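One file, final-v3.csv, carrying CSV, N, CA and C atoms:
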chain,number,residue,atom,x,y,z
A,1,MET,N,52.5,-74.0,-237.9
A,1,MET,CA,52.9,-74.7,-236.6
A,1,MET,C,52.7,-76.2,-236.8
A,2,GLU,N,53.7,-76.9,-236.5
A,2,GLU,CA,53.7,-78.3,-236.6
A,2,GLU,C,53.0,-79.0,-235.4
A,3,CYS,N,53.2,-78.4,-234.2
A,3,CYS,CA,52.7,-79.0,-233.0
A,3,CYS,C,51.2,-78.9,-232.9
A,4,LEU,N,50.5,-80.0,-232.7
A,4,LEU,CA,49.0,-80.0,-232.6
A,4,LEU,C,48.6,-79.2,-231.4
A,5,GLY,N,49.3,-79.3,-230.3
A,5,GLY,CA,49.0,-78.6,-229.1
A,5,GLY,C,49.1,-77.1,-229.2
A,6,CYS,N,50.1,-76.6,-230.0
A,6,CYS,CA,50.2,-75.2,-230.3
A,6,CYS,C,49.1,-74.7,-231.1
A,7,ARG,N,48.7,-75.6,-232.1
A,7,ARG,CA,47.6,-75.2,-233.0
A,7,ARG,C,46.3,-75.1,-232.2
A,8,ILE,N,46.1,-76.0,-231.3
A,8,ILE,CA,44.9,-76.0,-230.5
A,8,ILE,C,44.9,-74.7,-229.6
A,9,ALA,N,46.0,-74.6,-228.9
A,9,ALA,CA,46.2,-73.5,-227.9
A,9,ALA,C,46.0,-72.1,-228.5
A,10,ASN,N,46.4,-72.0,-229.8
A,10,ASN,CA,46.4,-70.7,-230.5
A,10,ASN,C,45.3,-70.6,-231.5
A,11,ASN,N,44.2,-71.5,-231.3
A,11,ASN,CA,43.0,-71.4,-232.1
A,11,ASN,C,43.2,-71.5,-233.6
A,12,ILE,N,44.1,-72.4,-234.0
A,12,ILE,CA,44.4,-72.6,-235.4
A,12,ILE,C,43.6,-73.8,-235.9
A,13,GLU,N,43.5,-74.8,-235.0
A,13,GLU,CA,42.7,-76.0,-235.4
A,13,GLU,C,41.3,-75.7,-235.6
A,14,PRO,N,40.6,-76.3,-236.6
A,14,PRO,CA,39.2,-76.1,-236.8
A,14,PRO,C,38.3,-76.7,-235.7
A,15,ASN,N,37.1,-76.2,-235.5
A,15,ASN,CA,36.1,-76.8,-234.7
A,15,ASN,C,36.4,-77.0,-233.3
A,16,LEU,N,37.2,-76.1,-232.7
A,16,LEU,CA,37.6,-76.2,-231.3
A,16,LEU,C,36.4,-75.7,-230.4
A,17,ASN,N,36.2,-76.3,-229.3
A,17,ASN,CA,35.2,-75.9,-228.3
A,17,ASN,C,35.9,-75.2,-227.2
A,18,ILE,N,36.3,-73.9,-227.4
A,18,ILE,CA,37.0,-73.2,-226.4
A,18,ILE,C,36.0,-72.7,-225.3
A,19,VAL,N,36.4,-73.0,-224.0
A,19,VAL,CA,35.5,-72.6,-222.9
A,19,VAL,C,36.1,-71.5,-222.1
A,20,TYR,N,37.4,-71.3,-222.2
A,20,TYR,CA,38.0,-70.2,-221.5
A,20,TYR,C,39.4,-69.9,-222.1
A,21,GLU,N,39.8,-68.6,-222.2
A,21,GLU,CA,41.0,-68.3,-222.8
A,21,GLU,C,41.5,-67.0,-222.2
A,22,ASN,N,42.8,-66.8,-222.1
A,22,ASN,CA,43.4,-65.5,-221.8
A,22,ASN,C,44.7,-65.4,-222.7
A,23,GLN,N,45.6,-64.5,-222.4
A,23,GLN,CA,46.8,-64.3,-223.2
A,23,GLN,C,47.8,-65.4,-223.1
A,24,LEU,N,47.7,-66.2,-222.1
A,24,LEU,CA,48.7,-67.3,-221.8
A,24,LEU,C,48.2,-68.7,-222.1
A,25,ILE,N,46.9,-68.9,-221.9
A,25,ILE,CA,46.4,-70.3,-222.0
A,25,ILE,C,45.0,-70.3,-222.8
A,26,THR,N,44.7,-71.5,-223.2
A,26,THR,CA,43.4,-71.8,-223.9
A,26,THR,C,42.9,-73.1,-223.2
A,27,CYS,N,41.6,-73.1,-222.9
A,27,CYS,CA,40.9,-74.2,-222.3
A,27,CYS,C,39.9,-74.7,-223.3
A,28,VAL,N,40.0,-76.0,-223.7
A,28,VAL,CA,39.0,-76.5,-224.7
A,28,VAL,C,38.4,-77.8,-224.2
A,29,LEU,N,37.2,-78.1,-224.7
A,29,LEU,CA,36.6,-79.4,-224.4
A,29,LEU,C,37.4,-80.5,-225.1
A,30,ASP,N,37.7,-81.6,-224.4
A,30,ASP,CA,38.4,-82.8,-225.0
A,30,ASP,C,37.5,-83.3,-226.1
A,31,ILE,N,38.1,-83.7,-227.3
A,31,ILE,CA,37.3,-84.2,-228.4
A,31,ILE,C,36.8,-85.7,-228.1
A,32,ALA,N,37.4,-86.3,-227.1
A,32,ALA,CA,37.0,-87.7,-226.8
A,32,ALA,C,36.9,-87.7,-225.2
A,33,PRO,N,35.8,-87.0,-224.7
A,33,PRO,CA,35.7,-86.8,-223.3
A,33,PRO,C,35.4,-88.1,-222.5
A,34,PHE,N,36.1,-88.2,-221.4
A,34,PHE,CA,35.8,-89.4,-220.5
A,34,PHE,C,34.4,-89.2,-219.9
A,35,ASN,N,34.1,-88.0,-219.5
A,35,ASN,CA,32.7,-87.6,-219.0
A,35,ASN,C,32.4,-86.2,-219.6
A,36,GLU,N,31.2,-85.8,-219.6
A,36,GLU,CA,30.8,-84.5,-220.1
A,36,GLU,C,31.5,-83.4,-219.3
A,37,GLY,N,32.1,-82.4,-220.0
A,37,GLY,CA,32.8,-81.3,-219.3
A,37,GLY,C,34.3,-81.6,-219.3
A,38,HIS,N,34.8,-82.7,-219.7
A,38,HIS,CA,36.2,-83.0,-219.7
A,38,HIS,C,36.9,-82.0,-220.5
A,39,THR,N,37.8,-81.2,-219.9
A,39,THR,CA,38.5,-80.0,-220.4
A,39,THR,C,40.0,-80.2,-220.4
A,40,LEU,N,40.6,-79.6,-221.4
A,40,LEU,CA,42.1,-79.5,-221.5
A,40,LEU,C,42.5,-78.1,-221.3
A,41,ILE,N,43.5,-77.8,-220.6
A,41,ILE,CA,44.1,-76.5,-220.4
A,41,ILE,C,45.5,-76.6,-221.0
A,42,LEU,N,45.7,-75.7,-222.0
A,42,LEU,CA,47.0,-75.7,-222.8
A,42,LEU,C,47.6,-74.3,-222.8
A,43,PRO,N,49.0,-74.3,-222.6
A,43,PRO,CA,49.6,-73.0,-222.7
A,43,PRO,C,49.7,-72.6,-224.2
A,44,LYS,N,49.7,-71.3,-224.5
A,44,LYS,CA,49.8,-70.9,-225.9
A,44,LYS,C,51.2,-71.0,-226.4
A,45,LYS,N,52.2,-70.8,-225.4
A,45,LYS,CA,53.6,-70.9,-225.8
A,45,LYS,C,54.0,-72.4,-225.6
A,46,HIS,N,54.7,-72.9,-226.6
A,46,HIS,CA,55.0,-74.4,-226.6
A,46,HIS,C,55.9,-74.8,-225.4
A,47,CYS,N,55.5,-75.8,-224.8
A,47,CYS,CA,56.4,-76.5,-223.8
A,47,CYS,C,55.9,-77.9,-223.6
A,48,LEU,N,56.8,-78.8,-223.3
A,48,LEU,CA,56.4,-80.2,-223.2
A,48,LEU,C,56.0,-80.5,-221.7
A,49,ASP,N,56.9,-80.1,-220.8
A,49,ASP,CA,56.7,-80.4,-219.4
A,49,ASP,C,56.6,-79.1,-218.6
A,50,ILE,N,56.1,-79.2,-217.4
A,50,ILE,CA,55.9,-78.1,-216.5
A,50,ILE,C,57.2,-77.4,-216.2
A,51,GLU,N,58.3,-78.1,-216.1
A,51,GLU,CA,59.6,-77.4,-215.7
A,51,GLU,C,60.1,-76.6,-216.9
A,52,ASP,N,59.5,-76.7,-218.1
A,52,ASP,CA,59.9,-75.9,-219.2
A,52,ASP,C,59.1,-74.6,-219.3
A,53,MET,N,58.1,-74.5,-218.4
A,53,MET,CA,57.1,-73.4,-218.5
A,53,MET,C,57.5,-72.2,-217.7
A,54,GLU,N,57.1,-71.0,-218.2
A,54,GLU,CA,57.3,-69.8,-217.4
A,54,GLU,C,56.4,-69.8,-216.2
A,55,LEU,N,56.8,-69.3,-215.1
A,55,LEU,CA,56.0,-69.3,-213.9
A,55,LEU,C,54.7,-68.6,-214.1
A,56,GLU,N,54.6,-67.5,-214.8
A,56,GLU,CA,53.3,-66.8,-215.0
A,56,GLU,C,52.3,-67.7,-215.7
A,57,THR,N,52.8,-68.6,-216.7
A,57,THR,CA,51.9,-69.5,-217.4
A,57,THR,C,51.4,-70.6,-216.4
A,58,ALA,N,52.3,-71.1,-215.6
A,58,ALA,CA,52.0,-72.1,-214.6
A,58,ALA,C,50.9,-71.6,-213.7
A,59,TYR,N,51.0,-70.4,-213.2
A,59,TYR,CA,50.0,-69.8,-212.4
A,59,TYR,C,48.7,-69.7,-213.1
A,60,ALA,N,48.7,-69.3,-214.4
A,60,ALA,CA,47.5,-69.1,-215.2
A,60,ALA,C,46.8,-70.5,-215.4
A,61,ILE,N,47.6,-71.5,-215.5
A,61,ILE,CA,47.0,-72.9,-215.7
A,61,ILE,C,46.3,-73.2,-214.4
A,62,MET,N,46.9,-73.0,-213.2
A,62,MET,CA,46.3,-73.4,-212.0
A,62,MET,C,45.1,-72.5,-211.7
A,63,ASP,N,45.1,-71.2,-212.0
A,63,ASP,CA,44.0,-70.3,-211.8
A,63,ASP,C,42.8,-70.8,-212.7
A,64,ALA,N,43.1,-71.2,-213.9
A,64,ALA,CA,42.0,-71.7,-214.8
A,64,ALA,C,41.5,-73.0,-214.3
A,65,SER,N,42.3,-73.9,-213.7
A,65,SER,CA,41.8,-75.2,-213.2
A,65,SER,C,40.9,-74.9,-212.1
A,66,LYS,N,41.2,-74.0,-211.2
A,66,LYS,CA,40.3,-73.6,-210.1
A,66,LYS,C,39.0,-73.1,-210.6
A,67,LYS,N,39.0,-72.1,-211.5
A,67,LYS,CA,37.8,-71.5,-212.1
A,67,LYS,C,36.9,-72.5,-212.8
A,68,LEU,N,37.5,-73.3,-213.6
A,68,LEU,CA,36.8,-74.3,-214.4
A,68,LEU,C,36.3,-75.5,-213.5
A,69,SER,N,37.0,-75.8,-212.5
A,69,SER,CA,36.5,-76.9,-211.5
A,69,SER,C,35.2,-76.4,-210.9
A,70,ILE,N,35.2,-75.2,-210.5
A,70,ILE,CA,34.0,-74.6,-209.8
A,70,ILE,C,32.8,-74.7,-210.8
A,71,VAL,N,33.1,-74.3,-212.1
A,71,VAL,CA,32.0,-74.3,-213.1
A,71,VAL,C,31.5,-75.8,-213.4
A,72,LEU,N,32.5,-76.7,-213.5
A,72,LEU,CA,32.1,-78.1,-213.8
A,72,LEU,C,31.3,-78.7,-212.7
A,73,LYS,N,31.7,-78.4,-211.4
A,73,LYS,CA,31.0,-78.9,-210.3
A,73,LYS,C,29.6,-78.3,-210.3
A,74,SER,N,29.4,-77.1,-210.6
A,74,SER,CA,28.1,-76.4,-210.6
A,74,SER,C,27.2,-77.0,-211.7
A,75,LEU,N,27.7,-77.2,-212.8
A,75,LEU,CA,26.9,-77.6,-214.0
A,75,LEU,C,26.6,-79.1,-214.0
A,76,PHE,N,27.6,-79.9,-213.7
A,76,PHE,CA,27.4,-81.4,-213.9
A,76,PHE,C,27.3,-82.2,-212.6
A,77,LYS,N,27.4,-81.5,-211.5
A,77,LYS,CA,27.3,-82.2,-210.2
A,77,LYS,C,28.1,-83.5,-210.0
A,78,PRO,N,29.3,-83.5,-210.4
A,78,PRO,CA,30.1,-84.7,-210.3
A,78,PRO,C,30.4,-85.0,-208.8
A,79,ASP,N,30.8,-86.2,-208.5
A,79,ASP,CA,31.3,-86.6,-207.2
A,79,ASP,C,32.7,-86.1,-206.9
A,80,GLY,N,33.4,-85.6,-207.9
A,80,GLY,CA,34.7,-85.1,-207.8
A,80,GLY,C,35.3,-84.7,-209.1
A,81,ILE,N,36.4,-84.1,-209.1
A,81,ILE,CA,37.1,-83.7,-210.4
A,81,ILE,C,38.5,-84.3,-210.3
A,82,ARG,N,38.9,-85.0,-211.4
A,82,ARG,CA,40.3,-85.4,-211.5
A,82,ARG,C,41.0,-84.4,-212.3
A,83,ILE,N,42.1,-83.9,-211.7
A,83,ILE,CA,43.0,-83.0,-212.4
A,83,ILE,C,44.3,-83.8,-212.6
A,84,SER,N,44.7,-83.9,-213.9
A,84,SER,CA,45.9,-84.7,-214.2
A,84,SER,C,46.7,-84.2,-215.4
A,85,GLN,N,47.9,-84.6,-215.5
A,85,GLN,CA,48.8,-84.2,-216.6
A,85,GLN,C,49.9,-85.3,-216.7
A,86,ASP,N,50.1,-85.7,-217.9
A,86,ASP,CA,51.2,-86.7,-218.1
A,86,ASP,C,52.4,-86.0,-218.8
A,87,GLY,N,53.6,-86.2,-218.3
A,87,GLY,CA,54.7,-85.6,-218.9
A,87,GLY,C,55.6,-86.6,-219.6
A,88,GLY,N,56.7,-86.0,-220.2
A,88,GLY,CA,57.7,-86.8,-220.9
A,88,GLY,C,57.1,-87.6,-222.0
A,89,GLU,N,57.5,-88.9,-222.1
A,89,GLU,CA,57.0,-89.8,-223.2
A,89,GLU,C,55.6,-90.1,-223.0
A,90,PHE,N,55.0,-89.8,-221.9
A,90,PHE,CA,53.6,-90.2,-221.6
A,90,PHE,C,52.6,-89.0,-222.1
A,91,ASN,N,53.2,-87.9,-222.5
A,91,ASN,CA,52.5,-86.8,-223.1
A,91,ASN,C,52.2,-87.0,-224.5
A,92,ASP,N,51.0,-87.6,-224.8
A,92,ASP,CA,50.7,-88.0,-226.2
A,92,ASP,C,50.5,-86.9,-227.1
A,93,LEU,N,50.3,-85.7,-226.6
A,93,LEU,CA,50.1,-84.5,-227.5
A,93,LEU,C,51.5,-83.8,-227.8
A,94,THR,N,52.5,-84.2,-227.0
A,94,THR,CA,53.8,-83.5,-227.1
A,94,THR,C,53.7,-82.0,-226.9
A,95,HIS,N,52.8,-81.6,-226.1
A,95,HIS,CA,52.6,-80.2,-225.7
A,95,HIS,C,51.9,-80.3,-224.3
A,96,TYR,N,52.4,-79.5,-223.4
A,96,TYR,CA,51.8,-79.6,-222.0
A,96,TYR,C,50.3,-79.4,-222.1
A,97,HIS,N,49.6,-80.2,-221.4
A,97,HIS,CA,48.1,-80.0,-221.3
A,97,HIS,C,47.7,-80.7,-220.0
A,98,MET,N,46.8,-80.0,-219.3
A,98,MET,CA,46.2,-80.5,-218.0
A,98,MET,C,44.8,-80.9,-218.3
A,99,HIS,N,44.4,-82.0,-217.8
A,99,HIS,CA,43.0,-82.5,-217.9
A,99,HIS,C,42.2,-82.2,-216.7
A,100,LEU,N,41.0,-81.7,-216.9
A,100,LEU,CA,40.0,-81.6,-215.8
A,100,LEU,C,38.9,-82.5,-216.2
A,101,ILE,N,38.7,-83.5,-215.4
A,101,ILE,CA,37.7,-84.6,-215.7
A,101,ILE,C,36.7,-84.7,-214.6
A,102,PRO,N,35.4,-84.4,-214.8
A,102,PRO,CA,34.4,-84.6,-213.8
A,102,PRO,C,34.3,-86.2,-213.6
A,103,ARG,N,34.2,-86.5,-212.3
A,103,ARG,CA,34.2,-88.0,-212.0
A,103,ARG,C,32.9,-88.3,-211.2
A,104,TYR,N,32.5,-89.5,-211.4
A,104,TYR,CA,31.2,-90.0,-210.7
A,104,TYR,C,31.5,-91.4,-210.1
A,105,GLU,N,30.9,-91.6,-209.0
A,105,GLU,CA,31.0,-93.0,-208.4
A,105,GLU,C,30.6,-94.0,-209.5
A,106,GLY,N,31.4,-95.0,-209.7
A,106,GLY,CA,31.0,-96.1,-210.6
A,106,GLY,C,31.3,-95.7,-212.1
A,107,ASP,N,32.0,-94.6,-212.4
A,107,ASP,CA,32.2,-94.3,-213.8
A,107,ASP,C,33.2,-95.2,-214.5
A,108,GLY,N,33.9,-96.0,-213.7
A,108,GLY,CA,34.8,-97.0,-214.3
A,108,GLY,C,36.2,-96.4,-214.6
A,109,PHE,N,36.4,-95.1,-214.3
A,109,PHE,CA,37.7,-94.5,-214.5
A,109,PHE,C,38.5,-94.7,-213.3
A,110,THR,N,39.5,-95.6,-213.3
A,110,THR,CA,40.3,-96.0,-212.1
A,110,THR,C,41.7,-95.6,-212.2
A,111,TRP,N,42.3,-95.5,-211.0
A,111,TRP,CA,43.7,-95.3,-210.9
A,111,TRP,C,44.3,-96.7,-210.9
A,112,GLY,N,45.2,-96.9,-211.9
A,112,GLY,CA,45.7,-98.3,-212.0
A,112,GLY,C,46.8,-98.6,-211.1
A,113,GLU,N,47.0,-99.8,-210.7
A,113,GLU,CA,48.1,-100.3,-209.9
A,113,GLU,C,49.3,-100.6,-210.8
A,114,PRO,N,50.5,-100.5,-210.3
A,114,PRO,CA,51.7,-100.8,-211.1
A,114,PRO,C,51.6,-102.2,-211.6
A,115,LEU,N,52.0,-102.5,-212.8
A,115,LEU,CA,52.1,-103.8,-213.3
A,115,LEU,C,53.2,-104.7,-212.6
A,116,HIS,N,54.2,-104.0,-212.2
A,116,HIS,CA,55.3,-104.7,-211.6
A,116,HIS,C,55.6,-104.1,-210.2
A,117,PRO,N,55.6,-104.9,-209.1
A,117,PRO,CA,55.8,-104.4,-207.8
A,117,PRO,C,57.2,-103.7,-207.8
A,118,HIS,N,57.3,-102.6,-207.1
A,118,HIS,CA,58.6,-101.8,-207.0
A,118,HIS,C,59.1,-101.6,-205.6
A,119,GLY,N,58.2,-101.8,-204.6
A,119,GLY,CA,58.6,-101.7,-203.2
A,119,GLY,C,58.9,-100.3,-202.8
A,120,ALA,N,58.4,-99.3,-203.5
A,120,ALA,CA,58.7,-97.9,-203.1
A,120,ALA,C,58.1,-97.5,-201.8
A,121,GLU,N,57.0,-98.2,-201.4
A,121,GLU,CA,56.4,-97.9,-200.1
A,121,GLU,C,57.3,-98.3,-198.9
A,122,THR,N,58.3,-99.2,-199.2
A,122,THR,CA,59.2,-99.6,-198.1
A,122,THR,C,60.4,-98.6,-198.0
A,123,ARG,N,60.5,-97.6,-198.9
A,123,ARG,CA,61.6,-96.7,-198.9
A,123,ARG,C,61.2,-95.2,-198.7
A,124,LEU,N,60.0,-95.0,-198.1
A,124,LEU,CA,59.5,-93.6,-198.0
A,124,LEU,C,60.5,-92.7,-197.3
A,125,SER,N,61.0,-93.1,-196.2
A,125,SER,CA,62.0,-92.3,-195.4
A,125,SER,C,63.2,-91.9,-196.3
A,126,LEU,N,63.7,-92.9,-197.0
A,126,LEU,CA,64.9,-92.7,-197.8
A,126,LEU,C,64.5,-91.8,-199.0
A,127,THR,N,63.4,-92.0,-199.6
A,127,THR,CA,62.9,-91.2,-200.7
A,127,THR,C,62.8,-89.7,-200.2
A,128,LYS,N,62.2,-89.5,-199.0
A,128,LYS,CA,62.0,-88.2,-198.5
A,128,LYS,C,63.4,-87.5,-198.3
A,129,GLU,N,64.4,-88.3,-197.7
A,129,GLU,CA,65.7,-87.7,-197.5
A,129,GLU,C,66.3,-87.3,-198.8
A,130,LYS,N,66.2,-88.1,-199.9
A,130,LYS,CA,66.8,-87.8,-201.2
A,130,LYS,C,66.2,-86.5,-201.7
A,131,ILE,N,64.9,-86.4,-201.6
A,131,ILE,CA,64.2,-85.2,-202.2
A,131,ILE,C,64.6,-83.9,-201.4
A,132,LEU,N,64.6,-84.0,-200.0
A,132,LEU,CA,65.0,-82.9,-199.2
A,132,LEU,C,66.4,-82.4,-199.5
A,133,LYS,N,67.3,-83.4,-199.6
A,133,LYS,CA,68.7,-83.1,-199.9
A,133,LYS,C,68.8,-82.4,-201.3
A,134,THR,N,68.1,-82.9,-202.3
A,134,THR,CA,68.2,-82.2,-203.6
A,134,THR,C,67.6,-80.9,-203.6
A,135,LEU,N,66.5,-80.7,-202.9
A,135,LEU,CA,65.9,-79.4,-202.8
A,135,LEU,C,66.8,-78.4,-202.1
A,136,SER,N,67.4,-78.8,-201.0
A,136,SER,CA,68.3,-77.9,-200.3
A,136,SER,C,69.6,-77.5,-201.1
A,137,GLU,N,70.0,-78.4,-202.0
A,137,GLU,CA,71.2,-78.2,-202.8
A,137,GLU,C,70.8,-77.2,-203.9
A,138,GLU,N,69.6,-77.3,-204.4
A,138,GLU,CA,69.1,-76.4,-205.5
A,138,GLU,C,68.6,-75.1,-205.0
A,139,GLY,N,68.3,-75.0,-203.6
A,139,GLY,CA,67.6,-73.9,-203.0
A,139,GLY,C,68.1,-72.6,-203.3
Can the structure in the file be given as structure tokens, please?
Amino acid sequence: MECLGCRIANNIEPNLNIVYENQLITCVLDIAPFNEGHTLILPKKHCLDIEDMELETAYAIMDASKKLSIVLKSLFKPDGIRISQDGGEFNDLTHYHMHLIPRYEGDGFTWGEPLHPHGAETRLSLTKEKILKTLSEEG
């Protein structure tokens, strides 16, 4: 397998710290954790983005995120959990993966502001209309 994400998800890479696994997904500790307990959830079947994923796998990812969030909160007592995923060209692994990151007040991990103002906040009604129209057409 050429895809690193596939090799991780299918337990081919050496020295993985797998914390949960089933027939559809593998959950491993991130090798460069932002905070202790930082976990990645990867589907065993290759896909880049969520829209490429089978529904059963998407449900398995969400179920695992809930199960592991409970465990991380119990063990590490964070102030919260960040659940995130970057798609497309921002997916540095080129394989879908969801991050579960325990967060603490003052940990320095921030949500960045856009570098260039885009004015999207002034078009919320128009944006909503576009999304609703597209959803009804695809319905």
*chain A: which residues are helix (DSSP H, G or I) by DSSP, as a PyMOL selection string?*
chain A and resi 4-9+50-52+55-76+88-90+120-138
How close does each residue of stretch 31-56 of chain A get to stretch 101-125 of chain A, giving the shortest atom pair and distance in Å to one decimal for every residue with an atom at most 7 Å away, counting all atoms listed in the file, sorted by chain and residue number, as CSV?
residue,atom,partner,partner_atom,distance
A:Phe34,N,A:Ile101,CA,6.9
A:Asn35,CA,A:Pro102,C,5.8
A:Glu36,C,A:Pro102,N,6.0
A:Gly37,C,A:Pro102,N,5.4
A:His38,CA,A:Ile101,CA,4.6
A:Thr39,N,A:Ile101,N,5.1
*Which distance in Å separates atom CA of A:Ser74 and atom CA of A:Ala58, to one decimal?*
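Result for atom CA of A:Ser74 versus atom CA of A:Ala58: 24.6 Å, one decimal.
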*For atom CA of A:Cys6 and atom CA of A:Val71, determine how far apart the two atoms are, in Å to one decimal place.*
25.1 Å
Tell me, counting all atoms listed in the file, for each residue of stretch 61-91 of chain A within 8 Å of stretch 43-53 of chain A, which pair of atoms is nearest and how far apart they are in Å to one decimal, in rows ordered by chain and increasing number, as CSV.
residue,atom,partner,partner_atom,distance
A:Ile61,CA,A:Pro43,N,7.3
A:Asp86,C,A:Asp49,CA,7.1
A:Gly87,CA,A:Asp49,CA,5.6
A:Gly88,N,A:Asp49,CA,5.7
A:Asn91,CA,A:Leu48,C,7.3
*Mind giving me the straight-line distance from atom CA of A:Asp63 to atom C of A:Glu138 in Å, one decimal?*
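Going from atom CA of A:Asp63 over to atom C of A:Glu138, I get 26.0 Å.
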*Using all atoms listed in the file, which residue out of A:Ile70, A:Ile8, A:Ala60, A:Leu100 lies closest to A:Ile83?*
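Of all the options, A:Leu100 lies closest to A:Ile83.
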*May I ask which of the residues A:Ser84, A:Ile41, A:Leu75, A:Asn17 is the closest one to A:Gly5, counting only C-alpha atoms?*
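Between A:Ser84, A:Ile41, A:Leu75, A:Asn17, the residue approaching A:Gly5 most closely is A:Ile41.
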*DSSP strand (DSSP E) residues within stretch 26-90 of chain A, listed as a list of chain:residue names*: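 Answer for stretch 26-90 of chain A restricted to strand (DSSP E) is A:Thr26, A:Cys27, A:Val28, A:Leu29, A:Thr39, A:Leu40, A:Ile41, A:Leu42, A:Pro43, A:Gly80, A:Ile81, A:Arg82, A:Ile83, A:Ser84.
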Please, could you write that set of residues out with N, CA and C atoms as a compact mmCIF listing (two decimals), in the coordinates of the input?
# COMPACT_ATOMS: atom_id res chain seq x y z
N THR A 26 44.70 -71.50 -223.20
CA THR A 26 43.40 -71.80 -223.90
C THR A 26 42.90 -73.10 -223.20
N CYS A 27 41.60 -73.10 -222.90
CA CYS A 27 40.90 -74.20 -222.30
C CYS A 27 39.90 -74.70 -223.30
N VAL A 28 40.00 -76.00 -223.70
CA VAL A 28 39.00 -76.50 -224.70
C VAL A 28 38.40 -77.80 -224.20
N LEU A 29 37.20 -78.10 -224.70
CA LEU A 29 36.60 -79.40 -224.40
C LEU A 29 37.40 -80.50 -225.10
N THR A 39 37.80 -81.20 -219.90
CA THR A 39 38.50 -80.00 -220.40
C THR A 39 40.00 -80.20 -220.40
N LEU A 40 40.60 -79.60 -221.40
CA LEU A 40 42.10 -79.50 -221.50
C LEU A 40 42.50 -78.10 -221.30
N ILE A 41 43.50 -77.80 -220.60
CA ILE A 41 44.10 -76.50 -220.40
C ILE A 41 45.50 -76.60 -221.00
N LEU A 42 45.70 -75.70 -222.00
CA LEU A 42 47.00 -75.70 -222.80
C LEU A 42 47.60 -74.30 -222.80
N PRO A 43 49.00 -74.30 -222.60
CA PRO A 43 49.60 -73.00 -222.70
C PRO A 43 49.70 -72.60 -224.20
N GLY A 80 33.40 -85.60 -207.90
CA GLY A 80 34.70 -85.10 -207.80
C GLY A 80 35.30 -84.70 -209.10
N ILE A 81 36.40 -84.10 -209.10
CA ILE A 81 37.10 -83.70 -210.40
C ILE A 81 38.50 -84.30 -210.30
N ARG A 82 38.90 -85.00 -211.40
CA ARG A 82 40.30 -85.40 -211.50
C ARG A 82 41.00 -84.40 -212.30
N ILE A 83 42.10 -83.90 -211.70
CA ILE A 83 43.00 -83.00 -212.40
C ILE A 83 44.30 -83.80 -212.60
N SER A 84 44.70 -83.90 -213.90
CA SER A 84 45.90 -84.70 -214.20
C SER A 84 46.70 -84.20 -215.40
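Closest approach to A:Asn11 from the set A:Lys67, A:Leu135, A:Cys27, A:Thr94 is made by A:Cys27, with distances taken over only C-alpha atoms.
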*asked:* Nearest residue to A:Leu4 out of A:Leu132, A:Met98, A:Leu93, A:Leu29, using all atoms listed in the file?
replied: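 Looking only at the distances to A:Leu4, the closest residue turns out to be A:Leu93.
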_Considering all atoms listed in the file, can you say which of A:Lys133, A:Glu2, A:Leu42, A:Pro78 comes closest to A:His97?_
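Checking each of A:Lys133, A:Glu2, A:Leu42, A:Pro78 against A:His97, counting all atoms listed in the file, the winner is A:Leu42.
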Could you give me, as a JSON list (two decimals) with N, CA and C atoms, in the coordinates of the input, the residues that have an atom at most 7 Å away from the point (40.7, -78.7, -209.2) in the coordinates of the file, using all atoms listed in the file?
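Saved as selection-v1.json:
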[["chain", "number", "residue", "atom", "x", "y", "z"],
["A", 65, "SER", "N", 42.30, -73.90, -213.70],
["A", 65, "SER", "CA", 41.80, -75.20, -213.20],
["A", 65, "SER", "C", 40.90, -74.90, -212.10],
["A", 66, "LYS", "N", 41.20, -74.00, -211.20],
["A", 66, "LYS", "CA", 40.30, -73.60, -210.10],
["A", 66, "LYS", "C", 39.00, -73.10, -210.60],
["A", 68, "LEU", "N", 37.50, -73.30, -213.60],
["A", 68, "LEU", "CA", 36.80, -74.30, -214.40],
["A", 68, "LEU", "C", 36.30, -75.50, -213.50],
["A", 69, "SER", "N", 37.00, -75.80, -212.50],
["A", 69, "SER", "CA", 36.50, -76.90, -211.50],
["A", 69, "SER", "C", 35.20, -76.40, -210.90],
["A", 70, "ILE", "N", 35.20, -75.20, -210.50],
["A", 70, "ILE", "CA", 34.00, -74.60, -209.80],
["A", 70, "ILE", "C", 32.80, -74.70, -210.80],
["A", 81, "ILE", "N", 36.40, -84.10, -209.10],
["A", 81, "ILE", "CA", 37.10, -83.70, -210.40],
["A", 81, "ILE", "C", 38.50, -84.30, -210.30],
["A", 82, "ARG", "N", 38.90, -85.00, -211.40],
["A", 82, "ARG", "CA", 40.30, -85.40, -211.50],
["A", 82, "ARG", "C", 41.00, -84.40, -212.30],
["A", 83, "ILE", "N", 42.10, -83.90, -211.70],
["A", 83, "ILE", "CA", 43.00, -83.00, -212.40],
["A", 83, "ILE", "C", 44.30, -83.80, -212.60]]
